[in-house]
$ cat upload39.cif   # mmCIF, C-alpha atoms
data_protein
loop_
_atom_site.group_PDB
_atom_site.id
_atom_site.type_symbol
_atom_site.label_atom_id
_atom_site.label_comp_id
_atom_site.auth_asym_id
_atom_site.auth_seq_id
_atom_site.Cartn_x
_atom_site.Cartn_y
_atom_site.Cartn_z
ATOM 1 C CA MET A 140 3.381 10.671 17.187
ATOM 2 C CA ALA A 141 2.967 9.345 13.657
ATOM 3 C CA SER A 142 3.721 5.914 12.269
ATOM 4 C CA LYS A 143 3.838 4.665 8.725
ATOM 5 C CA VAL A 144 2.829 1.680 6.698
ATOM 6 C CA GLN A 145 5.321 0.615 4.038
ATOM 7 C CA VAL A 146 4.125 -0.700 0.693
ATOM 8 C CA GLU A 147 6.405 -2.338 -1.882
ATOM 9 C CA ALA A 148 4.989 -2.719 -5.383
ATOM 10 C CA ALA A 149 6.419 -5.062 -7.999
ATOM 11 C CA ARG A 150 6.612 -2.421 -10.745
ATOM 12 C CA ILE A 151 6.803 1.366 -11.008
ATOM 13 C CA PRO A 152 3.429 1.688 -12.824
ATOM 14 C CA ASP A 153 1.733 -0.297 -10.033
ATOM 15 C CA ARG A 154 3.328 1.953 -7.413
ATOM 16 C CA ASP A 155 2.237 5.109 -9.250
ATOM 17 C CA ARG A 156 -1.346 3.898 -9.649
ATOM 18 C CA LEU A 157 -1.559 2.841 -6.017
ATOM 19 C CA MET A 158 -0.234 6.247 -4.907
ATOM 20 C CA GLU A 159 -2.959 7.978 -6.952
ATOM 21 C CA GLU A 160 -5.626 5.796 -5.356
ATOM 22 C CA LEU A 161 -4.281 6.411 -1.850
ATOM 23 C CA VAL A 162 -4.330 10.200 -2.418
ATOM 24 C CA GLU A 163 -7.943 9.959 -3.637
ATOM 25 C CA HIS A 164 -8.704 8.053 -0.421
ATOM 26 C CA GLY A 165 -7.440 11.032 1.601
ATOM 27 C CA LEU A 166 -4.060 9.581 2.555
ATOM 28 C CA ASP A 167 -0.631 11.182 2.120
ATOM 29 C CA PRO A 168 1.554 8.531 0.434
ATOM 30 C CA ARG A 169 5.219 9.306 -0.138
ATOM 31 C CA PRO A 170 7.359 7.517 -2.710
ATOM 32 C CA ARG A 171 10.390 5.649 -1.391
ATOM 33 C CA GLY A 172 12.941 4.331 -3.849
ATOM 34 C CA GLU A 173 11.703 3.032 -7.188
ATOM 35 C CA VAL A 174 8.722 0.957 -6.066
ATOM 36 C CA GLY A 175 8.185 1.764 -2.404
ATOM 37 C CA ILE A 176 5.514 3.864 -0.706
ATOM 38 C CA ASP A 177 5.391 5.144 2.863
ATOM 39 C CA VAL A 178 1.884 5.941 4.120
ATOM 40 C CA PRO A 179 1.978 7.939 7.373
ATOM 41 C CA TYR A 180 -0.859 7.752 9.903
ATOM 42 C CA ALA A 181 -1.451 8.900 13.473
ATOM 43 C CA ASP A 182 -0.597 6.382 16.191
ATOM 44 C CA ASP A 183 -3.966 7.035 17.796
ATOM 45 C CA ALA A 184 -5.706 5.653 14.694
ATOM 46 C CA THR A 185 -6.308 2.176 16.110
ATOM 47 C CA GLY A 186 -6.456 -0.453 13.396
ATOM 48 C CA HIS A 187 -5.467 2.023 10.685
ATOM 49 C CA ALA A 188 -2.634 -0.188 9.412
ATOM 50 C CA ASP A 189 -5.072 -3.101 9.001
ATOM 51 C CA GLU A 190 -7.588 -0.823 7.264
ATOM 52 C CA LEU A 191 -4.847 0.308 4.885
ATOM 53 C CA TYR A 192 -3.945 -3.310 4.143
ATOM 54 C CA HIS A 193 -7.552 -4.070 3.198
ATOM 55 C CA TYR A 194 -7.714 -0.901 1.113
ATOM 56 C CA VAL A 195 -4.570 -1.953 -0.786
ATOM 57 C CA GLU A 196 -6.231 -5.307 -1.478
ATOM 58 C CA ASP A 197 -9.260 -3.508 -2.918
ATOM 59 C CA VAL A 198 -7.089 -1.227 -5.058
ATOM 60 C CA VAL A 199 -5.150 -4.187 -6.467
ATOM 61 C CA MET A 200 -8.429 -5.819 -7.472
ATOM 62 C CA LYS A 201 -9.649 -2.539 -8.996
ATOM 63 C CA ILE A 202 -6.432 -2.064 -10.981
ATOM 64 C CA GLY A 203 -6.768 -5.597 -12.271
ATOM 65 C CA SER A 204 -3.098 -6.377 -11.836
ATOM 66 C CA PRO A 205 -2.286 -10.019 -11.162
ATOM 67 C CA PHE A 206 -0.682 -9.231 -7.799
ATOM 68 C CA VAL A 207 -1.472 -10.326 -4.282
ATOM 69 C CA PRO A 208 -0.875 -8.031 -1.293
ATOM 70 C CA VAL A 209 1.073 -9.796 1.451
ATOM 71 C CA LYS A 210 1.636 -8.168 4.853
ATOM 72 C CA HIS A 211 4.910 -9.175 6.499
ATOM 73 C CA GLU A 212 6.598 -7.459 9.454
ATOM 74 C CA GLY A 213 4.788 -4.165 8.922
ATOM 75 C CA VAL A 214 5.355 -3.992 5.152
ATOM 76 C CA ILE A 215 2.743 -4.677 2.486
ATOM 77 C CA TYR A 216 4.345 -6.384 -0.510
ATOM 78 C CA LEU A 217 2.564 -6.692 -3.854
ATOM 79 C CA ARG A 218 3.684 -10.009 -5.286
ATOM 80 C CA PRO A 219 2.657 -12.175 -8.225
ATOM 81 C CA PRO A 220 0.378 -15.041 -7.222
ATOM 82 C CA THR A 221 1.943 -18.470 -6.713
ATOM 83 C CA ASP A 222 0.481 -21.707 -7.977
#

$ encode --input "upload39.cif" --output "structure tokens"
Amino acid sequence: MASKVQVEAARIPDRDRLMEELVEHGLDPRPRGEVGIDVPYADDATGHADELYHYVEDVVMKIGSPFVPVKHEGVIYLRPPTD
């Protein structure tokens, strides 16, 4: 059985760039709504959701966008940093 990790970007360009990076990483991201991404993975891939979270962090740093990935209830949100 497959599961999915949900990612919510703040802007459409950020979502599109993240989708490109995830495809290059060998994943199969699917757009959801304007800024959402579903990333399916096999349930037997232990720790895969956590690996994806860390990969999203790396991609955000690579893109250079001033956003911080926050994981909450199975969804990764890309939010502006707070002071």

$ closest_residue --input "upload39.cif" --among "A:Pro205, A:Pro179, A:Gly172, A:Gly165" --to "A:Ile151" --atoms "all atoms listed in the file"
A:Gly172

$ residues_around --input "upload39.cif" --residues "stretch 145-149 of chain A" --least-positions-apart "2" --cutoff "9 Å" --atoms "only C-alpha atoms" --output "PyMOL selection string"
chain A and resi 143+151-154+157+171+174-179+195+206+208+210+213-219

$ atom_distance --input "upload39.cif" --atom1 "atom CA of A:Ser142" --atom2 "atom CA of A:Tyr180"
5.5 Å

$ atom_distance --input "upload39.cif" --atom1 "atom CA of A:Glu163" --atom2 "atom CA of A:Glu212"
26.2 Å

$ atom_distance --input "upload39.cif" --atom1 "atom CA of A:Pro170" --atom2 "atom CA of A:Met158"
8.0 Å

$ closest_residue --input "upload39.cif" --among "A:Val144, A:Pro168, A:Leu161, A:Glu173" --to "A:Asp197" --atoms "all atoms listed in the file"
A:Leu161

$ decode --input "upload39.cif" --residues "stretch 157-186 of chain A" --atoms "C-alpha atoms" --output "compact mmCIF listing (two decimals), in the first residue's frame"
# COMPACT_ATOMS: atom_id res chain seq x y z
CA LEU A 157 10.17 22.11 -5.66
CA MET A 158 8.30 19.71 -7.97
CA GLU A 159 11.16 19.89 -10.49
CA GLU A 160 13.69 19.12 -7.76
CA LEU A 161 11.63 16.21 -6.43
CA VAL A 162 11.38 14.69 -9.94
CA GLU A 163 15.17 15.02 -10.34
CA HIS A 164 15.49 13.19 -7.00
CA GLY A 165 13.54 10.25 -8.46
CA LEU A 166 10.22 10.97 -6.77
CA ASP A 167 6.79 11.26 -8.40
CA PRO A 168 5.27 14.51 -7.08
CA ARG A 169 1.72 15.39 -8.09
CA PRO A 170 0.33 18.92 -7.97
CA ARG A 171 -2.68 19.48 -5.73
CA GLY A 172 -4.55 22.76 -5.96
CA GLU A 173 -2.55 25.91 -6.62
CA VAL A 174 0.36 25.41 -4.23
CA GLY A 175 0.08 21.85 -2.95
CA ILE A 176 2.13 18.77 -3.79
CA ASP A 177 1.42 15.13 -2.97
CA VAL A 178 4.51 12.90 -2.93
CA PRO A 179 3.57 9.20 -2.89
CA TYR A 180 5.86 6.58 -1.35
CA ALA A 181 5.62 2.91 -0.42
CA ASP A 182 4.53 2.18 3.15
CA ASP A 183 7.44 -0.24 3.50
CA ALA A 184 9.88 2.66 3.04
CA THR A 185 10.57 3.17 6.74
CA GLY A 186 11.52 6.74 7.52
